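Source file: run_3.txt; contents: compact mmCIF, C-alpha atoms.
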# COMPACT_ATOMS: atom_id res chain seq x y z
CA MET B 1 15.99 -73.08 14.71
CA SER B 2 15.04 -73.83 11.11
CA TYR B 3 11.39 -73.24 12.04
CA LEU B 4 12.23 -69.80 13.45
CA THR B 5 14.35 -68.99 10.42
CA GLY B 6 11.51 -69.96 8.14
CA MET B 7 9.11 -67.79 10.09
CA VAL B 8 11.51 -64.85 9.82
CA PHE B 9 11.74 -65.24 6.04
CA ILE B 10 7.96 -65.49 5.78
CA ALA B 11 7.60 -62.33 7.87
CA LEU B 12 10.15 -60.48 5.76
CA GLY B 13 8.37 -61.62 2.63
CA LEU B 14 5.04 -60.33 3.93
CA VAL B 15 6.65 -56.99 4.79
CA ALA B 16 8.11 -56.76 1.27
CA VAL B 17 4.75 -57.57 -0.33
CA SER B 18 3.03 -55.03 1.93
CA ALA B 19 5.61 -52.36 1.04
CA GLN B 20 5.21 -53.09 -2.67
CA ALA B 21 1.43 -52.83 -2.37
CA GLN B 22 1.79 -49.56 -0.47
CA ASP B 23 4.19 -48.22 -3.10
CA ALA B 24 1.77 -49.20 -5.87
CA ALA B 25 -1.12 -47.53 -4.05
CA THR B 26 0.97 -44.37 -3.56
CA LEU B 27 1.82 -44.25 -7.27
CA GLN B 28 -1.81 -44.77 -8.25
CA GLN B 29 -2.85 -41.97 -5.92
CA ALA B 30 -0.24 -39.67 -7.50
CA GLU B 31 -1.50 -40.61 -10.97
CA ARG B 32 -5.12 -39.87 -10.03
CA ARG B 33 -4.35 -36.55 -8.40
CA GLY B 34 -2.07 -35.53 -11.28
CA ALA B 35 -4.94 -36.18 -13.70
CA GLU B 36 -7.31 -34.23 -11.44
CA LEU B 37 -4.93 -31.27 -11.36
CA PHE B 38 -4.73 -31.32 -15.15
CA ASP B 39 -8.51 -31.58 -15.54
CA LEU B 40 -9.41 -28.89 -13.01
CA GLU B 41 -6.90 -26.42 -14.42
CA ARG B 42 -8.39 -26.97 -17.88
CA VAL B 43 -11.90 -26.53 -16.47
CA ILE B 44 -11.01 -23.20 -14.83
CA GLU B 45 -9.36 -21.94 -18.00
CA ALA B 46 -12.53 -22.79 -19.94
CA ALA B 47 -14.73 -21.12 -17.31
CA ARG B 48 -12.69 -17.92 -17.46
CA ALA B 49 -12.73 -17.97 -21.27
CA ALA B 50 -16.53 -18.27 -21.22
CA GLY B 51 -16.67 -15.38 -18.78
CA GLU B 52 -14.87 -13.15 -21.24
CA ASP B 53 -18.00 -13.30 -23.41
CA VAL B 54 -20.00 -11.69 -20.58
CA ARG B 55 -19.55 -7.95 -20.25
CA ALA B 56 -20.35 -7.87 -16.53
CA TYR B 57 -17.76 -10.57 -15.81
CA ARG B 58 -15.10 -8.85 -17.91
CA ARG B 59 -15.58 -5.60 -16.00
CA ASP B 60 -15.96 -7.14 -12.55
CA ASP B 61 -12.91 -6.31 -10.44
CA GLU B 62 -14.37 -7.80 -7.26
CA ILE B 63 -13.84 -11.47 -8.12
CA ALA B 64 -11.72 -12.92 -5.32
CA GLY B 65 -11.40 -16.52 -6.49
CA TRP B 66 -13.61 -19.49 -7.18
CA VAL B 67 -14.85 -22.81 -5.85
CA ALA B 68 -15.53 -25.94 -7.89
CA THR B 69 -17.65 -28.98 -7.14
CA ARG B 70 -17.57 -32.13 -9.24
CA SER B 71 -20.40 -34.49 -10.08
CA GLY B 72 -19.30 -37.28 -12.39
CA GLU B 73 -17.71 -35.69 -15.45
CA ILE B 74 -19.13 -32.22 -14.76
CA TYR B 75 -17.64 -29.42 -12.68
CA GLN B 76 -19.73 -26.53 -11.38
CA VAL B 77 -17.52 -23.47 -11.04
CA THR B 78 -18.67 -20.54 -8.91
CA PHE B 79 -16.73 -17.29 -9.00
CA ILE B 80 -16.67 -15.51 -5.66
CA ARG B 81 -16.68 -11.97 -4.38
CA LEU B 82 -16.21 -10.90 -0.78
CA ARG B 83 -18.86 -8.85 0.94
CA ARG B 84 -17.90 -6.16 3.41
CA GLY B 85 -16.69 -8.11 6.41
CA GLY B 86 -15.14 -10.83 4.26
CA GLU B 87 -18.15 -13.12 3.68
CA PRO B 88 -17.72 -15.00 0.37
CA VAL B 89 -20.75 -15.07 -1.94
CA GLY B 90 -21.34 -16.43 -5.42
CA ARG B 91 -21.11 -13.88 -8.23
CA TYR B 92 -21.12 -16.04 -11.39
CA ARG B 93 -21.58 -19.73 -12.10
CA ILE B 94 -20.96 -22.06 -15.02
CA SER B 95 -20.82 -25.81 -15.65
CA VAL B 96 -17.84 -27.27 -17.52
CA ASN B 97 -17.09 -30.89 -18.36
CA ARG B 98 -13.71 -32.37 -17.44
CA THR B 99 -12.42 -32.02 -21.00
CA GLY B 100 -12.79 -28.24 -20.77
CA GLN B 101 -16.05 -27.73 -22.67
CA ALA B 102 -18.39 -25.11 -21.20
CA LEU B 103 -21.96 -26.35 -20.89
CA GLY B 104 -24.07 -23.29 -21.51
CA GLY B 105 -23.19 -19.70 -20.69
CA MET B 106 -22.05 -17.92 -17.56
CA GLU B 107 -24.90 -17.37 -15.09
CA ARG B 108 -24.97 -14.11 -13.12
CA LEU B 109 -25.74 -14.69 -9.44
CA ASP B 110 -27.17 -12.13 -7.05
CA ASP B 111 -24.54 -12.55 -4.32
CA LEU B 112 -25.69 -16.10 -3.67
CA PRO B 113 -24.64 -17.39 -0.23
CA LEU B 114 -22.33 -20.39 -0.41
CA ASP B 115 -23.30 -23.66 1.21
CA ALA B 116 -21.16 -24.87 4.12
CA ARG B 117 -18.90 -27.07 2.00
CA GLU B 118 -18.30 -24.37 -0.61
CA ALA B 119 -17.50 -21.85 2.11
CA ALA B 120 -15.04 -24.28 3.70
CA GLN B 121 -13.37 -24.87 0.32
CA PHE B 122 -12.96 -21.14 -0.19
CA ARG B 123 -11.47 -20.70 3.30
CA ALA B 124 -9.06 -23.54 2.56
CA ARG B 125 -7.95 -21.63 -0.54
CA GLN B 126 -7.50 -18.40 1.37
CA ASN B 127 -5.51 -19.99 4.18
CA ALA B 128 -3.28 -21.95 1.82
CA GLU B 129 -2.52 -18.79 -0.15
CA ALA B 130 -1.80 -16.89 3.08
CA THR B 131 0.86 -19.40 4.16
CA PRO B 132 4.38 -17.97 3.61
CA TYR B 133 6.19 -19.55 0.65
CA ASN B 134 8.89 -18.77 -1.89
CA ALA B 135 7.14 -17.78 -5.10
CA CYS B 136 8.76 -18.79 -8.39
CA SER B 137 6.33 -16.89 -10.62
CA ALA B 138 4.28 -13.71 -10.60
CA SER B 139 1.27 -15.79 -11.64
CA TYR B 140 -0.23 -18.59 -9.55
CA GLU B 141 -3.38 -20.69 -9.70
CA THR B 142 -4.73 -22.37 -6.57
CA LEU B 143 -6.50 -25.70 -7.11
CA VAL B 144 -8.43 -27.20 -4.20
CA PHE B 145 -9.72 -30.77 -3.83
CA PRO B 146 -11.54 -32.64 -1.06
CA ASP B 147 -9.39 -35.38 0.44
CA ALA B 148 -10.29 -38.76 1.88
CA SER B 149 -9.93 -37.56 5.47
CA GLY B 150 -12.68 -34.97 5.08
CA GLY B 151 -10.23 -32.10 4.75
CA TRP B 152 -8.83 -30.30 1.73
CA SER B 153 -5.72 -30.49 -0.43
CA ALA B 154 -4.83 -27.09 -1.88
CA TYR B 155 -2.16 -26.74 -4.56
CA LEU B 156 -0.36 -23.49 -5.33
CA MET B 157 0.60 -23.86 -8.99
CA PRO B 158 3.02 -21.39 -10.64
CA HIS B 159 2.43 -20.42 -14.25
CA ALA B 160 5.15 -19.54 -16.76
CA ALA B 161 4.94 -16.64 -19.17
CA PHE B 162 5.82 -18.88 -22.14
CA SER B 163 3.95 -21.98 -23.30
CA ASP B 164 7.13 -23.99 -23.85
CA VAL B 165 8.24 -23.60 -20.23
CA LEU B 166 6.90 -25.79 -17.44
CA LEU B 167 7.41 -24.67 -13.85
CA LEU B 168 7.82 -27.35 -11.20
CA GLY B 169 9.72 -25.45 -8.53
CA GLY B 170 7.51 -23.16 -6.49
CA THR B 171 4.62 -25.65 -6.48
CA TYR B 172 3.23 -26.31 -3.01
CA ARG B 173 0.70 -28.66 -1.47
CA ALA B 174 -1.24 -27.60 1.63
CA GLN B 175 -3.33 -29.97 3.70
CA VAL B 176 -6.17 -28.04 5.31
CA SER B 177 -8.76 -29.01 7.91
CA GLY B 178 -12.32 -29.78 6.83
CA ASP B 179 -13.63 -26.41 8.00
CA GLY B 180 -10.95 -24.68 5.92
CA ASN B 181 -9.55 -22.80 8.90
CA THR B 182 -6.30 -24.63 9.68
CA VAL B 183 -3.36 -25.52 7.44
CA THR B 184 -2.09 -28.76 8.95
CA SER B 185 0.88 -29.25 6.60
CA PHE B 186 2.51 -27.26 3.83
CA GLY B 187 5.45 -28.11 1.62
CA PRO B 188 6.98 -27.98 -1.87
CA LEU B 189 6.52 -30.71 -4.48
CA ALA B 190 9.82 -29.93 -6.23
CA SER B 191 13.00 -28.21 -5.12
CA GLY B 192 13.96 -24.58 -5.63
CA CYS B 193 12.52 -22.89 -8.70
CA ALA B 194 13.13 -25.81 -11.04
CA VAL B 195 12.09 -25.25 -14.66
CA LEU B 196 11.56 -27.72 -17.50
CA GLN B 197 11.84 -26.67 -21.13
CA ASN B 198 9.30 -28.29 -23.46
CA PRO B 199 10.48 -27.83 -27.06
CA ALA B 200 7.79 -28.66 -29.60
CA ASP B 201 10.12 -30.98 -31.51
CA ALA B 202 11.21 -33.01 -28.47
CA ASP B 203 9.98 -36.61 -28.47
CA ALA B 204 10.42 -36.89 -24.69
CA LEU B 205 11.51 -34.74 -21.76
CA ARG B 206 13.84 -35.31 -18.83
CA PHE B 207 13.60 -33.60 -15.45
CA ASP B 208 16.45 -33.93 -12.97
CA ASP B 209 15.73 -32.90 -9.38
CA PRO B 210 18.53 -34.41 -7.24
CA ALA B 211 17.40 -32.39 -4.22
CA GLY B 212 13.77 -33.40 -4.65
CA GLY B 213 11.79 -36.03 -2.81
CA GLU B 214 9.70 -38.94 -4.05
CA ILE B 215 7.83 -38.96 -7.34
CA ASN B 216 4.47 -37.28 -6.79
CA GLU B 217 1.32 -35.85 -8.35
CA LEU B 218 3.16 -32.80 -9.68
CA HIS B 219 5.24 -35.00 -11.98
CA ALA B 220 2.10 -36.78 -13.19
CA TYR B 221 0.45 -33.40 -13.86
CA ILE B 222 3.50 -32.05 -15.71
CA GLY B 223 3.59 -35.19 -17.84
CA GLY B 224 0.01 -34.44 -18.88
CA ARG B 225 0.84 -30.81 -19.61
CA ALA B 226 3.87 -31.81 -21.68
CA GLY B 227 1.87 -34.29 -23.73
CA LYS B 228 4.87 -36.57 -24.19
CA PRO B 229 6.90 -39.08 -22.16
CA LEU B 230 8.59 -37.49 -19.16
CA TYR B 231 11.62 -39.06 -17.48
CA VAL B 232 12.10 -37.93 -13.88
CA ASN B 233 15.17 -38.38 -11.69
CA THR B 234 14.24 -37.56 -8.11
CA GLY B 235 14.58 -39.07 -4.67
CA GLY B 236 17.49 -41.21 -5.85
CA LYS B 237 15.31 -43.08 -8.37
CA SER B 238 14.43 -42.85 -12.06
CA TRP B 239 10.86 -42.80 -13.29
CA LEU B 240 8.88 -42.59 -16.50
CA VAL B 241 5.60 -40.68 -16.63
CA ASN B 242 3.71 -41.56 -19.79
CA ALA B 243 0.01 -41.55 -20.74
CA GLY B 244 -0.95 -40.85 -17.15
CA ARG B 245 1.02 -43.76 -15.69
CA ILE B 246 4.12 -43.68 -13.47
CA GLN B 247 6.63 -46.52 -13.60
CA THR B 248 10.20 -47.07 -12.47
CA VAL B 249 12.95 -47.33 -15.07
CA PRO B 250 16.54 -48.53 -14.61
CA GLU B 251 18.01 -45.19 -15.66
CA SER B 252 16.72 -42.14 -17.51
CA PRO B 253 18.18 -41.69 -21.00

So, in terms of structure tokens, how does the structure I just supplied come out?
Amino acid sequence: MSYLTGMVFIALGLVAVSAQAQDAATLQQAERRGAELFDLERVIEAARAAGEDVRAYRRDDEIAGWVATRSGEIYQVTFIRLRRGGEPVGRYRISVNRTGQALGGMERLDDLPLDAREAAQFRARQNAEATPYNACSASYETLVFPDASGGWSAYLMPHAAFSDVLLLGGTYRAQVSGDGNTVTSFGPLASGCAVLQNPADADALRFDDPAGGEINELHAYIGGRAGKPLYVNTGGKSWLVNAGRIQTVPESP
């Protein structure tokens, strides 16, 4: 009997250790993706700013989106137009490092065909954007990343009109098949149209989302955008997002 009891406790202990390891891995994944969201958004902003120095880009009303590929610290951003029939082709291209510095000027492309992976990424964007959702802003950016399964993770990110307002509600994550044709899952990363004020003189921020789920990459991204410690109450737990790291806290102040 004591032997069986001991085996049960050992088994329970292994389950607890496994769960803790899984939780730690989930948090690390959220931290990484939050940083990637922050970096890619900054890269796209820099690419668009560089485009404003090019007359043809400024006047081009056929740009239908973009694709980005990363190699080390460098992103290559290709702005896309759609040919008659809907075929995406490259219109402009620029390289930007992950800190948001453009490397050279915007290159004009002569309707360059996309390679298979770029075309799949663009289809993933289109299909994520075409999925019905409740918009919380008139302005959205769609950020697309390859995922470990060979598919795509597409994020619909709402933008606020004011720099001291951070929008969390209305952010969605879509998982899309590798060919970009099928949205396999789609859901919000925060509840409702939740908003977080970010006063310049605040030392830290607190976000309460009692109807929200687990801490996720959106909270890590928002912590980076805020540039200060962010306390999050969601999923029945309290968290601190600070300097790119997520950790549990007993209770948010």

Practice task
May I ask which of the residues B:Ser177, B:Gln247, B:Thr26, B:Ser185 is the closest one to B:Arg117, counting all atoms listed in the file?
Solution key: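 Residue with the minimum atom-to-atom distance to B:Arg117: B:Ser177.
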
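Nearest-residue note for B:Leu143: choosing from B:Met106, B:Ala47, B:Leu82, B:Ala174, the minimum distance belongs to B:Ala174, counting only C-alpha atoms.
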
Handout entry: Residue neighbourhood stretch 144-156 of chain B, 8 Å, all atoms listed in the file, exclusion window fewer than 3 positions, as a list in words
Key =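 What passes the distance filter is Val67, Gln121, Ala124, Arg125, Ala128, Glu129, Tyr140, Glu141, Gly170, Thr171, Tyr172, Arg173, Ala174, Gln175, Val176, Ser177, Gly178, Asp179 and Gly180 of chain B.
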
Practice task
Calculate how many Å separate atom CA of B:Gln101 from atom CA of B:Ala243, rounding to one decimal.
Solution key: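 Going from atom CA of B:Gln101 over to atom CA of B:Ala243 covers 21.3 Å.
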
Exercise for the section: Would you please work out which residue, of B:Ile215, B:Ile222, B:Met157, B:Val96, is nearest to B:Ser238 when using all atoms listed in the file? Expected result: B:Ile215

Practice task
Please identify all polymer residues within 7 Å of B:Leu37, counting all atoms listed in the file, omitting same-chain residues fewer than 4 positions from it, and present them as number ranges by chain.
Solution key: B: 33, 41, 221

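Across the model, the gap from atom CA of B:Gln197 to atom CA of B:Ala226 is 9.5 Å.
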
Exercise for the section: Measuring atom to atom with only C-alpha atoms, identify which of B:His219, B:Arg98, B:Arg83, B:Arg93 is nearest to B:Ile246. Expected result: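 Looking at the shortest contact to B:Ile246, the residue is B:His219.
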
Exercise for the section: Using all atoms listed in the file, determine which residues lie at most 7 Å from B:Lys228, disregarding the query and same-chain residues fewer than 2 positions distant; provide the list as a PyMOL selection string. Expected result: chain B and resi 203-204+223+226+230+242

Handout entry: Neighbours of point (-16.4, -35.1, -14.9) within 9 Å, using only C-alpha atoms, written as a count of residues only
Key = 11

Practice task
Point out the residue among B:Gln126, B:Glu217, B:Ala35, B:Thr131 with the least atom-to-atom distance to B:Gly187, counting only C-alpha atoms.
Solution key: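 Checking each candidate against B:Gly187, we get B:Thr131 as the closest.
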
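Reported to one decimal place, the separation of atom CA of B:Leu109 from atom CA of B:Val89 is 9.0 Å.
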
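Among the candidates B:Ser95, B:Asn181, B:Gln76, B:Asn216, the one nearest to B:Val232 when counting all atoms listed in the file is B:Asn216.
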
Exercise for the section: Name the residues in contact with B:Thr78 at a cut-off of 7 Å, using all atoms listed in the file, excluding same-chain residues fewer than 6 positions from it; report them as number ranges by chain. Expected result: B: 66-68, 90, 92-94

Step by step, gather every atom of stretch 117-126 of chain B that the file lists, find the box along x, y and z that holds them, add 4 Å on each side, and finally give centre and edge lengths in Å to one decimal, as lines of an AutoDock Vina configuration file.
center_x = -13.2
center_y = -22.7
center_z = 1.5
size_x = 19.4
size_y = 16.7
size_z = 12.3

Handout entry: Long-range neighbours of B:Gly65 as a ChimeraX atom specification, 8 Å cut-off, only C-alpha atoms, 3 positions minimum in chain
Key = /B:79-81,122

Atoms are missing here; could stretch 126-153 of chain B be completed with N, CA and C atoms and written as a JSON list (two decimals), keeping the file's coordinate frame?
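Below is the file that was written, result14.json:
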[["chain", "number", "residue", "atom", "x", "y", "z"],
["B", 126, "GLN", "N", -8.04, -19.62, 0.78],
["B", 126, "GLN", "CA", -7.50, -18.40, 1.37],
["B", 126, "GLN", "C", -6.36, -18.69, 2.34],
["B", 127, "ASN", "N", -6.53, -19.69, 3.18],
["B", 127, "ASN", "CA", -5.51, -19.99, 4.18],
["B", 127, "ASN", "C", -4.28, -20.62, 3.57],
["B", 128, "ALA", "N", -4.45, -21.41, 2.52],
["B", 128, "ALA", "CA", -3.28, -21.95, 1.82],
["B", 128, "ALA", "C", -2.49, -20.82, 1.17],
["B", 129, "GLU", "N", -3.19, -19.90, 0.52],
["B", 129, "GLU", "CA", -2.52, -18.79, -0.15],
["B", 129, "GLU", "C", -1.85, -17.85, 0.85],
["B", 130, "ALA", "N", -2.36, -17.79, 2.07],
["B", 130, "ALA", "CA", -1.80, -16.89, 3.08],
["B", 130, "ALA", "C", -0.59, -17.49, 3.78],
["B", 131, "THR", "N", -0.30, -18.76, 3.55],
["B", 131, "THR", "CA", 0.86, -19.40, 4.16],
["B", 131, "THR", "C", 2.14, -18.89, 3.49],
["B", 132, "PRO", "N", 3.15, -18.47, 4.23],
["B", 132, "PRO", "CA", 4.38, -17.97, 3.61],
["B", 132, "PRO", "C", 5.05, -19.04, 2.74],
["B", 133, "TYR", "N", 5.48, -18.64, 1.55],
["B", 133, "TYR", "CA", 6.19, -19.55, 0.65],
["B", 133, "TYR", "C", 7.06, -18.74, -0.30],
["B", 134, "ASN", "N", 8.00, -19.41, -0.92],
["B", 134, "ASN", "CA", 8.89, -18.77, -1.89],
["B", 134, "ASN", "C", 8.27, -18.89, -3.28],
["B", 135, "ALA", "N", 7.78, -17.78, -3.80],
["B", 135, "ALA", "CA", 7.14, -17.78, -5.10],
["B", 135, "ALA", "C", 8.18, -17.86, -6.21],
["B", 136, "CYS", "N", 7.87, -18.65, -7.24],
["B", 136, "CYS", "CA", 8.76, -18.79, -8.39],
["B", 136, "CYS", "C", 8.13, -18.20, -9.65],
["B", 137, "SER", "N", 7.01, -17.51, -9.49],
["B", 137, "SER", "CA", 6.33, -16.89, -10.62],
["B", 137, "SER", "C", 5.47, -15.75, -10.10],
["B", 138, "ALA", "N", 5.20, -14.78, -10.97],
["B", 138, "ALA", "CA", 4.28, -13.71, -10.60],
["B", 138, "ALA", "C", 2.83, -14.15, -10.75],
["B", 139, "SER", "N", 2.62, -15.31, -11.37],
["B", 139, "SER", "CA", 1.27, -15.79, -11.64],
["B", 139, "SER", "C", 1.08, -17.18, -11.04],
["B", 140, "TYR", "N", 0.08, -17.31, -10.19],
["B", 140, "TYR", "CA", -0.23, -18.59, -9.55],
["B", 140, "TYR", "C", -1.71, -18.92, -9.71],
["B", 141, "GLU", "N", -2.01, -20.20, -9.79],
["B", 141, "GLU", "CA", -3.38, -20.69, -9.70],
["B", 141, "GLU", "C", -3.46, -21.61, -8.49],
["B", 142, "THR", "N", -4.53, -21.50, -7.73],
["B", 142, "THR", "CA", -4.73, -22.37, -6.57],
["B", 142, "THR", "C", -5.85, -23.35, -6.88],
["B", 143, "LEU", "N", -5.54, -24.64, -6.83],
["B", 143, "LEU", "CA", -6.50, -25.70, -7.11],
["B", 143, "LEU", "C", -6.78, -26.45, -5.82],
["B", 144, "VAL", "N", -8.05, -26.62, -5.49],
["B", 144, "VAL", "CA", -8.43, -27.20, -4.20],
["B", 144, "VAL", "C", -9.31, -28.43, -4.44],
["B", 145, "PHE", "N", -8.99, -29.51, -3.71],
["B", 145, "PHE", "CA", -9.72, -30.77, -3.83],
["B", 145, "PHE", "C", -10.10, -31.27, -2.44],
["B", 146, "PRO", "N", -11.25, -31.93, -2.32],
["B", 146, "PRO", "CA", -11.54, -32.64, -1.06],
["B", 146, "PRO", "C", -10.63, -33.84, -0.94],
["B", 147, "ASP", "N", -10.21, -34.18, 0.27],
["B", 147, "ASP", "CA", -9.39, -35.38, 0.44],
["B", 147, "ASP", "C", -10.15, -36.43, 1.24],
["B", 148, "ALA", "N", -9.59, -37.62, 1.29],
["B", 148, "ALA", "CA", -10.29, -38.76, 1.88],
["B", 148, "ALA", "C", -10.56, -38.59, 3.36],
["B", 149, "SER", "N", -9.78, -37.74, 4.03],
["B", 149, "SER", "CA", -9.93, -37.56, 5.47],
["B", 149, "SER", "C", -11.04, -36.58, 5.83],
["B", 150, "GLY", "N", -11.67, -35.98, 4.82],
["B", 150, "GLY", "CA", -12.68, -34.97, 5.08],
["B", 150, "GLY", "C", -12.15, -33.55, 5.04],
["B", 151, "GLY", "N", -10.84, -33.41, 4.86],
["B", 151, "GLY", "CA", -10.23, -32.10, 4.75],
["B", 151, "GLY", "C", -10.06, -31.69, 3.30],
["B", 152, "TRP", "N", -9.08, -30.85, 3.07],
["B", 152, "TRP", "CA", -8.83, -30.30, 1.73],
["B", 152, "TRP", "C", -7.35, -30.40, 1.39],
["B", 153, "SER", "N", -7.08, -30.61, 0.10],
["B", 153, "SER", "CA", -5.72, -30.49, -0.43],
["B", 153, "SER", "C", -5.72, -29.30, -1.37]]
